[in-house]
Every structure is written in C-alpha cells, then in structure tokens.
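Listing of model-v3.cif; format and content: mmCIF, C-alpha atoms and all ligand atoms.
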data_data
#
loop_
_atom_site.group_PDB
_atom_site.id
_atom_site.type_symbol
_atom_site.label_atom_id
_atom_site.label_comp_id
_atom_site.auth_asym_id
_atom_site.auth_seq_id
_atom_site.Cartn_x
_atom_site.Cartn_y
_atom_site.Cartn_z
ATOM 1 C CA MET A 1 37.182 -49.502 57.865
ATOM 2 C CA MET A 2 36.217 -45.864 58.387
ATOM 3 C CA ASN A 3 39.095 -44.738 56.189
ATOM 4 C CA HIS A 4 37.879 -46.428 53.028
ATOM 5 C CA PRO A 5 38.751 -43.757 50.464
ATOM 6 C CA TYR A 6 36.469 -44.886 47.640
ATOM 7 C CA PHE A 7 32.816 -45.097 46.809
ATOM 8 C CA LEU A 8 32.218 -48.850 46.211
ATOM 9 C CA GLU A 9 35.132 -51.268 46.103
ATOM 10 C CA ALA A 10 38.548 -50.074 44.994
ATOM 11 C CA GLY A 11 38.164 -52.224 41.855
ATOM 12 C CA CYS A 12 35.058 -50.237 40.826
ATOM 13 C CA GLN A 13 36.895 -46.929 40.406
ATOM 14 C CA ALA A 14 37.306 -45.404 36.951
ATOM 15 C CA GLN A 15 40.676 -46.220 35.416
ATOM 16 C CA ASP A 16 41.549 -42.569 35.056
ATOM 17 C CA GLU A 17 40.052 -39.352 36.337
ATOM 18 C CA ALA A 18 39.369 -37.910 32.907
ATOM 19 C CA SER A 19 37.229 -40.789 31.645
ATOM 20 C CA ALA A 20 34.981 -40.891 34.726
ATOM 21 C CA ARG A 21 31.377 -39.774 34.253
ATOM 22 C CA VAL A 22 30.623 -39.349 37.948
ATOM 23 C CA ALA A 23 32.700 -37.578 40.617
ATOM 24 C CA ILE A 24 31.985 -38.433 44.245
ATOM 25 C CA ILE A 25 32.985 -35.451 46.398
ATOM 26 C CA PRO A 26 33.200 -36.171 50.151
ATOM 27 C CA VAL A 27 32.707 -33.033 52.264
ATOM 28 C CA PRO A 28 33.281 -33.769 55.965
ATOM 29 C CA TYR A 29 31.888 -30.453 57.131
ATOM 30 C CA GLY A 30 29.633 -30.111 60.183
ATOM 31 C CA ALA A 31 29.934 -26.762 61.920
ATOM 32 C CA THR A 32 26.402 -25.426 62.298
ATOM 33 C CA VAL A 33 24.347 -28.484 63.229
ATOM 34 C CA SER A 34 21.541 -27.716 65.669
ATOM 35 C CA TRP A 35 20.784 -30.860 67.673
ATOM 36 C CA MET A 36 22.730 -34.127 67.495
ATOM 37 C CA ALA A 37 26.208 -33.577 66.073
ATOM 38 C CA GLY A 38 28.365 -35.721 63.858
ATOM 39 C CA THR A 39 27.559 -34.799 60.236
ATOM 40 C CA GLU A 40 31.292 -34.312 59.603
ATOM 41 C CA GLU A 41 31.559 -38.105 59.968
ATOM 42 C CA GLY A 42 28.910 -38.674 57.291
ATOM 43 C CA PRO A 43 31.074 -38.946 54.155
ATOM 44 C CA ALA A 44 33.524 -41.453 55.676
ATOM 45 C CA ALA A 45 30.635 -43.582 56.929
ATOM 46 C CA ILE A 46 28.932 -43.576 53.505
ATOM 47 C CA LEU A 47 32.188 -44.491 51.739
ATOM 48 C CA ALA A 48 32.874 -47.275 54.268
ATOM 49 C CA ALA A 49 29.340 -48.667 53.912
ATOM 50 C CA SER A 50 29.469 -48.436 50.118
ATOM 51 C CA GLU A 51 32.141 -51.107 50.092
ATOM 52 C CA ALA A 52 29.433 -53.583 51.167
ATOM 53 C CA LEU A 53 26.936 -52.644 48.416
ATOM 54 C CA GLU A 54 26.054 -55.105 45.708
ATOM 55 C CA VAL A 55 27.520 -53.445 42.634
ATOM 56 C CA PHE A 56 24.810 -55.097 40.500
ATOM 57 C CA ASP A 57 21.754 -52.918 41.079
ATOM 58 C CA ASP A 58 18.698 -54.993 41.984
ATOM 59 C CA GLU A 59 16.174 -52.585 40.414
ATOM 60 C CA LEU A 60 18.077 -51.424 37.345
ATOM 61 C CA LEU A 61 19.546 -54.893 36.756
ATOM 62 C CA SER A 62 22.792 -53.324 35.647
ATOM 63 C CA GLU A 63 26.146 -52.256 37.090
ATOM 64 C CA PRO A 64 26.029 -48.453 37.240
ATOM 65 C CA TRP A 65 29.689 -48.258 38.310
ATOM 66 C CA GLN A 66 30.717 -49.248 34.807
ATOM 67 C CA VAL A 67 29.975 -45.739 33.514
ATOM 68 C CA GLY A 68 33.104 -44.664 35.442
ATOM 69 C CA ILE A 69 32.998 -43.371 39.000
ATOM 70 C CA THR A 70 35.875 -41.474 40.561
ATOM 71 C CA THR A 71 36.075 -40.647 44.259
ATOM 72 C CA ARG A 72 37.773 -37.342 45.016
ATOM 73 C CA PRO A 73 39.840 -36.867 48.174
ATOM 74 C CA PRO A 74 37.765 -35.452 51.056
ATOM 75 C CA LEU A 75 37.403 -31.682 50.746
ATOM 76 C CA ASP A 76 39.578 -29.637 53.084
ATOM 77 C CA CYS A 77 37.021 -28.289 55.571
ATOM 78 C CA GLN A 78 39.308 -26.048 57.619
ATOM 79 C CA GLY A 79 38.469 -22.389 57.977
ATOM 80 C CA SER A 80 35.242 -20.417 57.781
ATOM 81 C CA THR A 81 32.022 -21.633 56.152
ATOM 82 C CA GLU A 82 32.661 -19.135 53.337
ATOM 83 C CA GLU A 83 36.079 -20.669 52.676
ATOM 84 C CA VAL A 84 34.692 -24.199 52.659
ATOM 85 C CA LEU A 85 31.882 -23.195 50.282
ATOM 86 C CA MET A 86 34.401 -21.499 47.971
ATOM 87 C CA ARG A 87 36.600 -24.590 47.884
ATOM 88 C CA LEU A 88 33.597 -26.823 47.238
ATOM 89 C CA SER A 89 32.257 -24.707 44.418
ATOM 90 C CA GLN A 90 35.687 -24.905 42.734
ATOM 91 C CA GLU A 91 35.673 -28.670 43.181
ATOM 92 C CA VAL A 92 32.192 -28.953 41.644
ATOM 93 C CA ALA A 93 33.178 -26.628 38.798
ATOM 94 C CA GLY A 94 36.143 -28.931 38.120
ATOM 95 C CA ALA A 95 33.870 -31.952 37.875
ATOM 96 C CA LEU A 96 31.484 -30.127 35.528
ATOM 97 C CA ALA A 97 34.409 -29.026 33.357
ATOM 98 C CA ARG A 98 35.387 -32.706 33.063
ATOM 99 C CA ARG A 99 31.764 -33.417 32.043
ATOM 100 C CA GLN A 100 31.166 -35.421 35.204
ATOM 101 C CA LEU A 101 28.078 -35.604 37.367
ATOM 102 C CA PRO A 102 29.164 -34.126 40.724
ATOM 103 C CA VAL A 103 27.734 -36.086 43.665
ATOM 104 C CA ILE A 104 28.505 -34.429 46.994
ATOM 105 C CA LEU A 105 28.489 -36.474 50.198
ATOM 106 C CA GLY A 106 27.846 -34.296 53.270
ATOM 107 C CA GLY A 107 28.378 -33.067 55.731
ATOM 108 C CA GLU A 108 25.764 -30.624 56.720
ATOM 109 C CA HIS A 109 23.202 -29.036 54.458
ATOM 110 C CA SER A 110 24.817 -25.591 54.182
ATOM 111 C CA LEU A 111 27.193 -26.978 51.536
ATOM 112 C CA THR A 112 24.338 -27.200 49.003
ATOM 113 C CA VAL A 113 24.701 -23.526 48.151
ATOM 114 C CA ALA A 114 28.202 -24.167 46.747
ATOM 115 C CA GLY A 115 27.024 -27.082 44.610
ATOM 116 C CA VAL A 116 24.086 -25.114 43.260
ATOM 117 C CA ALA A 117 26.175 -21.984 42.562
ATOM 118 C CA ALA A 118 28.710 -24.001 40.543
ATOM 119 C CA CYS A 119 25.987 -25.825 38.568
ATOM 120 C CA LEU A 120 24.163 -22.558 37.908
ATOM 121 C CA ARG A 121 27.186 -21.198 36.029
ATOM 122 C CA HIS A 122 27.006 -24.180 33.635
ATOM 123 C CA TYR A 123 23.210 -24.416 33.521
ATOM 124 C CA PRO A 124 21.489 -21.004 33.731
ATOM 125 C CA GLU A 125 18.068 -22.724 33.567
ATOM 126 C CA LEU A 126 18.877 -24.781 36.651
ATOM 127 C CA CYS A 127 16.215 -25.636 39.214
ATOM 128 C CA VAL A 128 16.616 -27.369 42.562
ATOM 129 C CA VAL A 129 14.647 -30.302 43.930
ATOM 130 C CA GLN A 130 15.082 -30.501 47.698
ATOM 131 C CA VAL A 131 14.036 -33.573 49.638
ATOM 132 C CA ASP A 132 14.027 -32.746 53.327
ATOM 133 C CA ALA A 133 11.976 -32.855 56.507
ATOM 134 C CA HIS A 134 12.644 -29.117 56.860
ATOM 135 C CA LEU A 135 11.995 -26.062 54.727
ATOM 136 C CA ASP A 136 15.411 -24.559 55.623
ATOM 137 C CA LEU A 137 14.039 -21.120 54.738
ATOM 138 C CA ARG A 138 15.133 -19.130 57.769
ATOM 139 C CA GLN A 139 16.844 -15.831 57.091
ATOM 140 C CA GLU A 140 19.359 -16.726 59.790
ATOM 141 C CA TYR A 141 19.730 -19.295 62.547
ATOM 142 C CA ASP A 142 21.874 -18.782 65.668
ATOM 143 C CA HIS A 143 22.935 -15.474 64.070
ATOM 144 C CA ASP A 144 24.369 -17.427 61.124
ATOM 145 C CA SER A 145 22.933 -16.830 57.650
ATOM 146 C CA LEU A 146 24.978 -19.778 56.271
ATOM 147 C CA SER A 147 23.507 -22.255 58.771
ATOM 148 C CA HIS A 148 22.041 -25.503 57.420
ATOM 149 C CA ALA A 149 18.637 -24.173 58.555
ATOM 150 C CA CYS A 150 18.914 -21.315 56.028
ATOM 151 C CA VAL A 151 20.215 -23.120 52.972
ATOM 152 C CA MET A 152 17.123 -22.799 50.773
ATOM 153 C CA ARG A 153 16.900 -19.101 51.602
ATOM 154 C CA ARG A 154 20.424 -18.764 50.201
ATOM 155 C CA ILE A 155 19.340 -20.722 47.099
ATOM 156 C CA ASP A 156 16.511 -18.224 46.725
ATOM 157 C CA ASP A 157 19.106 -15.439 46.985
ATOM 158 C CA LEU A 158 20.752 -17.008 43.905
ATOM 159 C CA ALA A 159 17.354 -16.673 42.150
ATOM 160 C CA VAL A 160 17.284 -20.414 41.432
ATOM 161 C CA PRO A 161 13.739 -21.805 41.465
ATOM 162 C CA PHE A 162 13.222 -24.755 43.766
ATOM 163 C CA VAL A 163 10.632 -27.289 44.824
ATOM 164 C CA GLN A 164 10.554 -29.041 48.203
ATOM 165 C CA ALA A 165 9.266 -32.503 49.132
ATOM 166 C CA GLY A 166 9.036 -34.628 52.267
ATOM 167 C CA ILE A 167 8.545 -31.484 54.357
ATOM 168 C CA ARG A 168 7.138 -31.909 57.881
ATOM 169 C CA ALA A 169 8.833 -29.448 60.254
ATOM 170 C CA PHE A 170 9.074 -25.668 59.905
ATOM 171 C CA SER A 171 8.515 -22.395 61.721
ATOM 172 C CA LYS A 172 5.523 -20.105 61.358
ATOM 173 C CA GLU A 173 7.801 -17.499 59.767
ATOM 174 C CA GLU A 174 8.947 -19.987 57.129
ATOM 175 C CA TRP A 175 5.350 -20.923 56.380
ATOM 176 C CA LEU A 176 4.301 -17.284 56.060
ATOM 177 C CA LEU A 177 7.230 -16.702 53.706
ATOM 178 C CA CYS A 178 6.015 -19.577 51.504
ATOM 179 C CA GLN A 179 2.544 -18.080 51.435
ATOM 180 C CA SER A 180 3.785 -14.602 50.573
ATOM 181 C CA ARG A 181 5.986 -15.959 47.759
ATOM 182 C CA GLY A 182 3.374 -18.357 46.420
ATOM 183 C CA TRP A 183 5.549 -21.407 47.135
ATOM 184 C CA GLN A 184 3.703 -24.645 47.745
ATOM 185 C CA PRO A 185 6.080 -27.088 49.396
ATOM 186 C CA TRP A 186 5.137 -30.745 49.175
ATOM 187 C CA THR A 187 4.580 -31.481 52.828
ATOM 188 C CA THR A 188 4.107 -35.173 53.542
ATOM 189 C CA ALA A 189 0.480 -34.380 54.357
ATOM 190 C CA ARG A 190 -0.017 -32.786 50.921
ATOM 191 C CA MET A 191 1.806 -35.631 49.190
ATOM 192 C CA ARG A 192 -0.584 -38.072 50.803
ATOM 193 C CA ALA A 193 -3.659 -36.022 49.972
ATOM 194 C CA GLN A 194 -2.690 -35.374 46.347
ATOM 195 C CA GLU A 195 -1.776 -38.545 44.514
ATOM 196 C CA SER A 196 -0.653 -36.494 41.530
ATOM 197 C CA TRP A 197 2.175 -34.806 43.461
ATOM 198 C CA LEU A 198 4.938 -36.316 41.379
ATOM 199 C CA GLU A 199 3.212 -35.443 38.100
ATOM 200 C CA GLU A 200 2.787 -31.892 39.323
ATOM 201 C CA MET A 201 6.410 -31.670 40.351
ATOM 202 C CA VAL A 202 7.579 -32.876 36.961
ATOM 203 C CA THR A 203 5.261 -30.377 35.258
ATOM 204 C CA TRP A 204 6.737 -27.601 37.386
ATOM 205 C CA ILE A 205 10.309 -28.671 36.500
ATOM 206 C CA ASN A 206 9.311 -28.551 32.842
ATOM 207 C CA GLY A 207 12.417 -30.286 31.528
ATOM 208 C CA ARG A 208 14.881 -27.894 33.133
ATOM 209 C CA PRO A 209 18.222 -29.262 34.377
ATOM 210 C CA VAL A 210 17.887 -30.406 37.978
ATOM 211 C CA TYR A 211 20.142 -30.196 40.999
ATOM 212 C CA LEU A 212 18.949 -32.684 43.633
ATOM 213 C CA SER A 213 19.607 -31.757 47.246
ATOM 214 C CA PHE A 214 18.712 -34.758 49.352
ATOM 215 C CA ASP A 215 18.715 -34.125 53.098
ATOM 216 C CA LEU A 216 18.645 -37.667 54.428
ATOM 217 C CA ASP A 217 16.197 -36.651 57.177
ATOM 218 C CA GLY A 218 13.645 -36.464 54.348
ATOM 219 C CA LEU A 219 13.494 -40.243 54.630
ATOM 220 C CA ASP A 220 11.501 -41.737 57.456
ATOM 221 C CA PRO A 221 13.646 -42.384 60.551
ATOM 222 C CA ALA A 222 12.659 -46.062 60.326
ATOM 223 C CA VAL A 223 14.491 -46.153 56.996
ATOM 224 C CA LEU A 224 17.395 -43.926 58.037
ATOM 225 C CA PRO A 225 17.521 -43.022 61.745
ATOM 226 C CA ALA A 226 20.993 -41.454 62.021
ATOM 227 C CA THR A 227 20.325 -37.783 61.365
ATOM 228 C CA GLY A 228 20.713 -34.779 63.630
ATOM 229 C CA THR A 229 16.998 -33.960 63.543
ATOM 230 C CA PRO A 230 14.861 -37.053 62.898
ATOM 231 C CA GLU A 231 11.175 -36.365 62.225
ATOM 232 C CA PRO A 232 8.405 -38.980 62.046
ATOM 233 C CA ASP A 233 6.254 -39.464 58.939
ATOM 234 C CA GLY A 234 9.091 -39.284 56.424
ATOM 235 C CA LEU A 235 9.379 -40.665 52.915
ATOM 236 C CA SER A 236 9.597 -44.390 52.349
ATOM 237 C CA TRP A 237 12.462 -45.831 50.314
ATOM 238 C CA GLU A 238 9.970 -46.581 47.573
ATOM 239 C CA THR A 239 8.654 -43.007 47.416
ATOM 240 C CA ALA A 240 12.119 -41.455 47.517
ATOM 241 C CA THR A 241 13.519 -43.660 44.758
ATOM 242 C CA ARG A 242 10.393 -43.235 42.623
ATOM 243 C CA LEU A 243 10.837 -39.473 42.880
ATOM 244 C CA ILE A 244 14.495 -39.603 41.832
ATOM 245 C CA ALA A 245 13.826 -42.092 39.034
ATOM 246 C CA ARG A 246 11.152 -39.814 37.621
ATOM 247 C CA LEU A 247 13.386 -36.726 37.831
ATOM 248 C CA CYS A 248 16.135 -38.530 35.962
ATOM 249 C CA ARG A 249 13.769 -39.739 33.239
ATOM 250 C CA THR A 250 12.193 -36.336 32.608
ATOM 251 C CA SER A 251 15.143 -33.989 33.205
ATOM 252 C CA LYS A 252 18.907 -33.985 33.126
ATOM 253 C CA LEU A 253 20.301 -34.446 36.630
ATOM 254 C CA VAL A 254 23.373 -32.185 36.633
ATOM 255 C CA GLY A 255 24.382 -32.272 40.283
ATOM 256 C CA ALA A 256 23.357 -33.856 43.568
ATOM 257 C CA ASP A 257 24.142 -33.830 47.236
ATOM 258 C CA PHE A 258 23.248 -36.213 50.044
ATOM 259 C CA VAL A 259 23.622 -34.456 53.372
ATOM 260 C CA GLU A 260 22.998 -34.577 57.115
ATOM 261 C CA LEU A 261 23.893 -38.180 57.859
ATOM 262 C CA ALA A 262 25.049 -38.077 61.501
ATOM 263 C CA PRO A 263 26.569 -41.518 62.158
ATOM 264 C CA PRO A 264 26.831 -41.128 65.970
ATOM 265 C CA ALA A 265 23.085 -40.398 66.169
ATOM 266 C CA GLY A 266 21.877 -43.828 65.115
ATOM 267 C CA PRO A 267 22.554 -47.353 63.928
ATOM 268 C CA ALA A 268 25.185 -48.137 61.308
ATOM 269 C CA TYR A 269 22.672 -49.313 58.701
ATOM 270 C CA SER A 270 21.824 -45.646 58.116
ATOM 271 C CA ALA A 271 25.105 -45.177 56.263
ATOM 272 C CA PHE A 272 24.415 -48.267 54.165
ATOM 273 C CA THR A 273 20.961 -46.930 53.228
ATOM 274 C CA ALA A 274 22.543 -43.590 52.299
ATOM 275 C CA ALA A 275 25.194 -45.335 50.177
ATOM 276 C CA LYS A 276 22.548 -47.390 48.382
ATOM 277 C CA LEU A 277 20.497 -44.268 47.670
ATOM 278 C CA VAL A 278 23.563 -42.551 46.220
ATOM 279 C CA TYR A 279 24.368 -45.559 44.029
ATOM 280 C CA ARG A 280 20.759 -45.923 42.879
ATOM 281 C CA THR A 281 20.657 -42.226 41.981
ATOM 282 C CA ILE A 282 23.833 -42.583 39.928
ATOM 283 C CA GLY A 283 22.220 -45.550 38.204
ATOM 284 C CA TYR A 284 19.070 -43.612 37.345
ATOM 285 C CA ALA A 285 21.016 -40.567 36.156
ATOM 286 C CA MET A 286 23.392 -42.536 33.981
ATOM 287 C CA SER A 287 20.855 -44.904 32.455
ATOM 288 C CA SER A 288 18.652 -42.022 31.342
ATOM 289 C CA ARG A 289 21.669 -40.167 29.920
ATOM 290 C CA CYS A 290 22.461 -43.216 27.813
ATOM 291 C CA GLU A 291 18.903 -43.342 26.454
ATOM 292 C CA VAL A 292 19.035 -39.716 25.262
HETATM 293 MN MN MN A 301 16.553 -31.337 57.195
#

As structure tokens - that is how I would like this structure written.
Ligand SMILES: [Mn+2]
Amino acid sequence: MMNHPYFLEAGCQAQDEASARVAIIPVPYGATVSWMAGTEEGPAAILAASEALEVFDDELLSEPWQVGITTRPPLDCQGSTEEVLMRLSQEVAGALARRQLPVILGGEHSLTVAGVAACLRHYPELCVVQVDAHLDLRQEYDHDSLSHACVMRRIDDLAVPFVQAGIRAFSKEEWLLCQSRGWQPWTTARMRAQESWLEEMVTWINGRPVYLSFDLDGLDPAVLPATGTPEPDGLSWETATRLIARLCRTSKLVGADFVELAPPAGPAYSAFTAAKLVYRTIGYAMSSRCEV
C-alpha cells in the first residue's frame, strides 16, 4: 500500500504527461528535521492515502482530477541538500514549461526554496503565502543555513515578498527580525483578534501570482497530528481551506508545496487529511483558472 505511485486512483491519472494541468512531485527528503523524524516518508503516505479519497469533491461538487493530474516519480533525494534542491528546481521548471501547476509533496520544509526559485523565474512578481506554526526565519539552525527552520530566511534572500499565517512558535531573534523589517506575521492570536485578517492578506497580495507553502503543522494537531513539531492552537480545516479558496479566487496559484508530514509521529489519518487538502487545493486552483 505504501508504494502506491499515483495521487488518487490509477484511473484518475492524465492520459498523457503533456496534457496534464497539474504535476504532483513527491520529494521524500528529510535530512534536517529537528524533533520527531520521518518526513521522508511523507510523500508515500500521502499518495497511499489519496487512493482512498472521494474523487468527487464534497465542497466544490466537481471532480477536480478531470483537469488532468500527472504524478511524477519520486525525486531522487540522494546527495547534499544543495543537490536535492537543484534537482527539484529543475523538476518544477519542467512542470512550469509544460504549463502545469507544480504541487510538491514533502518531505521537509527546506525544499520550498527550490519550488519558489523555479516559479520566480517564470513569475517575477511572485509572492509567497506560508502557512506554518513556525516563522522559519532563523539565519541558521544546527549550523545549517538550508535547514527547514531557515527556509523563509532563504526566501527573503531571493527577495520574494511573503506573508505568514498560523504562526505560534518562534524565537526572540526571529520576532526581533520581523519588527526590524516591518513584517507582521499572522500569528493565531492576531488572526483571532482581527477578523479582517484574510481581507488584509488578500489586499497585501494585490493580485500577484502566489506560491503557497503549506507546512502541515500550521493545522491544529487535532486535525493533523503527525508532524515533527506539533503545536497547539493551530488552524482548523475550515480556516485553512477558506484561506486557500480565497487565494485561488483573487490570485493565480502558480505553485504549491505541502511539507512536514511525519507519518511515524502520529495516526494514519494525518496522511489522509494531507491528501484531502492537496486535492481540495487543486480543485480551488483549477476551478478559478477555468473562470478566468
Ligand atoms: Mn513548521
């Protein structure tokens, strides 16, 4: 069961690679995880769970797979982080060249930098929406500047503007950096206090193309417990999907990743929840592309 090579059932794959509108890119990479390990098992678990999804989406009342979804072979994750990131950015560039929406299944969060770098070359106006419990703004972590705990700092190095939501765990240094740069992350406390948070986020995005980086620990651990660093007071399913739906209606979603599922760290339904979130996101992205 764990070797299911497709997103959804085999019969829901695009007939041929070229006609697909969505490319699922499994990246079983998990070298720099800080607490509970196992993110390298994330993509296989999501693919296996996806086989059990209803292909008729209960909110969209449509079958998003019909736009054409192709599942790429798992990325070769041998070698250094730099080598893996290079390979991934080529893979994402390939999907963009085929006019497909690249959807990366992690794996740990450090891989986001490759997805963003590849999308940036196609979309110079790109901005990043990060859903996460953590700011991931450390300059380095365990002497590693490519650690998952530093990924948004590396995005800042690329000069790509970003906005963060679901945040509820960070260091003093990261907070001081936000203050000095004028960044106002949407902590869960701020999201609760300011009902207009989603409006404000959309105003900030201002119609620019969006790369969504969804660290699954952004969700509440009651919704998705199997992550390396679960934090209480996370986003509900309803809040997370409302956010993504709104992004897709007001901007073009040009790339996405779903990272940090650690199957050994929690119950199997976590992978199913992740798979459903991926499928729902594809549904939102594709239905709003059809409307335009
Ligand atoms: Mn995180």

May I ask you to write as an MDAnalysis selection string all residues lying at most 12 Å from ligand MN 301 (chain A), with all atoms listed in the file counted?
chainID A and resid 33:35 39 108:110 130:137 147:152 164:170 213:221 227:231 234 258:262

Expansion of the PyMOL selection byres (((chain A and resi 75-91) around 10) and not hetatm) into residues, as a PDB file with C-alpha atoms, in the frame of the given file:
ATOM      1  CA  ALA A  23      32.700 -37.578  40.617  1.00  0.00           C
ATOM      2  CA  ILE A  25      32.985 -35.451  46.398  1.00  0.00           C
ATOM      3  CA  PRO A  26      33.200 -36.171  50.151  1.00  0.00           C
ATOM      4  CA  VAL A  27      32.707 -33.033  52.264  1.00  0.00           C
ATOM      5  CA  PRO A  28      33.281 -33.769  55.965  1.00  0.00           C
ATOM      6  CA  TYR A  29      31.888 -30.453  57.131  1.00  0.00           C
ATOM      7  CA  GLY A  30      29.633 -30.111  60.183  1.00  0.00           C
ATOM      8  CA  ALA A  31      29.934 -26.762  61.920  1.00  0.00           C
ATOM      9  CA  THR A  32      26.402 -25.426  62.298  1.00  0.00           C
ATOM     10  CA  GLU A  40      31.292 -34.312  59.603  1.00  0.00           C
ATOM     11  CA  ARG A  72      37.773 -37.342  45.016  1.00  0.00           C
ATOM     12  CA  PRO A  73      39.840 -36.867  48.174  1.00  0.00           C
ATOM     13  CA  PRO A  74      37.765 -35.452  51.056  1.00  0.00           C
ATOM     14  CA  VAL A  92      32.192 -28.953  41.644  1.00  0.00           C
ATOM     15  CA  ALA A  93      33.178 -26.628  38.798  1.00  0.00           C
ATOM     16  CA  GLY A  94      36.143 -28.931  38.120  1.00  0.00           C
ATOM     17  CA  ALA A  95      33.870 -31.952  37.875  1.00  0.00           C
ATOM     18  CA  LEU A  96      31.484 -30.127  35.528  1.00  0.00           C
ATOM     19  CA  ALA A  97      34.409 -29.026  33.357  1.00  0.00           C
ATOM     20  CA  PRO A 102      29.164 -34.126  40.724  1.00  0.00           C
ATOM     21  CA  ILE A 104      28.505 -34.429  46.994  1.00  0.00           C
ATOM     22  CA  GLY A 107      28.378 -33.067  55.731  1.00  0.00           C
ATOM     23  CA  SER A 110      24.817 -25.591  54.182  1.00  0.00           C
ATOM     24  CA  LEU A 111      27.193 -26.978  51.536  1.00  0.00           C
ATOM     25  CA  THR A 112      24.338 -27.200  49.003  1.00  0.00           C
ATOM     26  CA  VAL A 113      24.701 -23.526  48.151  1.00  0.00           C
ATOM     27  CA  ALA A 114      28.202 -24.167  46.747  1.00  0.00           C
ATOM     28  CA  GLY A 115      27.024 -27.082  44.610  1.00  0.00           C
ATOM     29  CA  VAL A 116      24.086 -25.114  43.260  1.00  0.00           C
ATOM     30  CA  ALA A 117      26.175 -21.984  42.562  1.00  0.00           C
ATOM     31  CA  ALA A 118      28.710 -24.001  40.543  1.00  0.00           C
ATOM     32  CA  CYS A 119      25.987 -25.825  38.568  1.00  0.00           C
ATOM     33  CA  LEU A 146      24.978 -19.778  56.271  1.00  0.00           C
ATOM     34  CA  SER A 147      23.507 -22.255  58.771  1.00  0.00           C
TER      35      SER A 147
END

Atom pair CA of Arg154 in chain A / CA of Glu140 in chain A: separation (Å)
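Between CA of Arg154 in chain A and CA of Glu140 in chain A the gap is 9.9 Å.
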
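Atom pair CA of Ser287 in chain A / CA of Gln66 in chain A has a distance of 11.0 Å (rounded to one decimal).
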
Residues selected by the PyMOL selection byres (((chain A and resi 3-10) around 7) and not hetatm), written as an MDAnalysis selection string:
chainID A and resid 1:2 11:13 44 47:48 50:51 53 71

Between A:Arg153, A:Arg138, A:Lys172, A:Arg280, which one has atoms that come closest to Ala240 in chain A, using only C-alpha atoms?
A:Arg280

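If you measure from each of A:Val55, A:Ala226, A:Ile69, A:Leu198 to Ala14 in chain A using only C-alpha atoms, the closest one turns out to be A:Ile69.
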
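Separating CA of Gly255 in chain A from CA of Tyr211 in chain A is a distance of 4.8 Å.
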
For range 264-271 of chain A, find every residue with an atom within 8 Å (counting all atoms listed in the file), except residues of its own chain fewer than 2 positions away, and show them as JSON, numbers by chain.
{"A": [36, 37, 38, 42, 45, 46, 49, 223, 224, 225, 226, 227, 228, 261, 262, 273, 274, 275]}

Could you rebuild range 7-12 of chain A with all heavy atoms and give me the result as a JSON list (two decimals), keeping the file's coordinate frame?
[["chain", "number", "residue", "atom", "x", "y", "z"],
["A", 7, "PHE", "N", 34.20, -44.65, 46.88],
["A", 7, "PHE", "CA", 32.82, -45.10, 46.81],
["A", 7, "PHE", "C", 32.83, -46.44, 46.09],
["A", 7, "PHE", "O", 33.43, -46.58, 45.03],
["A", 7, "PHE", "CB", 31.96, -44.07, 46.06],
["A", 7, "PHE", "CG", 30.49, -44.36, 46.14],
["A", 7, "PHE", "CD1", 29.80, -44.17, 47.33],
["A", 7, "PHE", "CD2", 29.80, -44.84, 45.04],
["A", 7, "PHE", "CE1", 28.45, -44.46, 47.43],
["A", 7, "PHE", "CE2", 28.44, -45.12, 45.13],
["A", 7, "PHE", "CZ", 27.77, -44.94, 46.33],
["A", 8, "LEU", "N", 32.18, -47.45, 46.66],
["A", 8, "LEU", "CA", 32.22, -48.85, 46.21],
["A", 8, "LEU", "C", 33.61, -49.44, 46.46],
["A", 8, "LEU", "O", 34.44, -48.84, 47.14],
["A", 8, "LEU", "CB", 31.83, -48.98, 44.73],
["A", 8, "LEU", "CG", 30.48, -48.37, 44.33],
["A", 8, "LEU", "CD1", 30.28, -48.49, 42.84],
["A", 8, "LEU", "CD2", 29.33, -49.03, 45.07],
["A", 9, "GLU", "N", 33.84, -50.61, 45.90],
["A", 9, "GLU", "CA", 35.13, -51.27, 46.10],
["A", 9, "GLU", "C", 36.20, -50.54, 45.29],
["A", 9, "GLU", "O", 35.90, -49.91, 44.28],
["A", 9, "GLU", "CB", 35.05, -52.72, 45.60],
["A", 9, "GLU", "CG", 34.01, -53.57, 46.31],
["A", 9, "GLU", "CD", 33.63, -54.80, 45.49],
["A", 9, "GLU", "OE1", 34.43, -55.24, 44.66],
["A", 9, "GLU", "OE2", 32.51, -55.29, 45.69],
["A", 10, "ALA", "N", 37.44, -50.71, 45.71],
["A", 10, "ALA", "CA", 38.55, -50.07, 44.99],
["A", 10, "ALA", "C", 38.53, -50.48, 43.52],
["A", 10, "ALA", "O", 38.81, -49.67, 42.63],
["A", 10, "ALA", "CB", 39.87, -50.43, 45.64],
["A", 11, "GLY", "N", 38.17, -51.73, 43.23],
["A", 11, "GLY", "CA", 38.16, -52.22, 41.86],
["A", 11, "GLY", "C", 37.07, -51.61, 40.99],
["A", 11, "GLY", "O", 37.05, -51.82, 39.77],
["A", 12, "CYS", "N", 36.15, -50.86, 41.58],
["A", 12, "CYS", "CA", 35.06, -50.24, 40.83],
["A", 12, "CYS", "C", 35.34, -48.76, 40.52],
["A", 12, "CYS", "O", 34.43, -48.03, 40.11],
["A", 12, "CYS", "CB", 33.74, -50.36, 41.59],
["A", 12, "CYS", "SG", 33.17, -52.05, 41.76]]
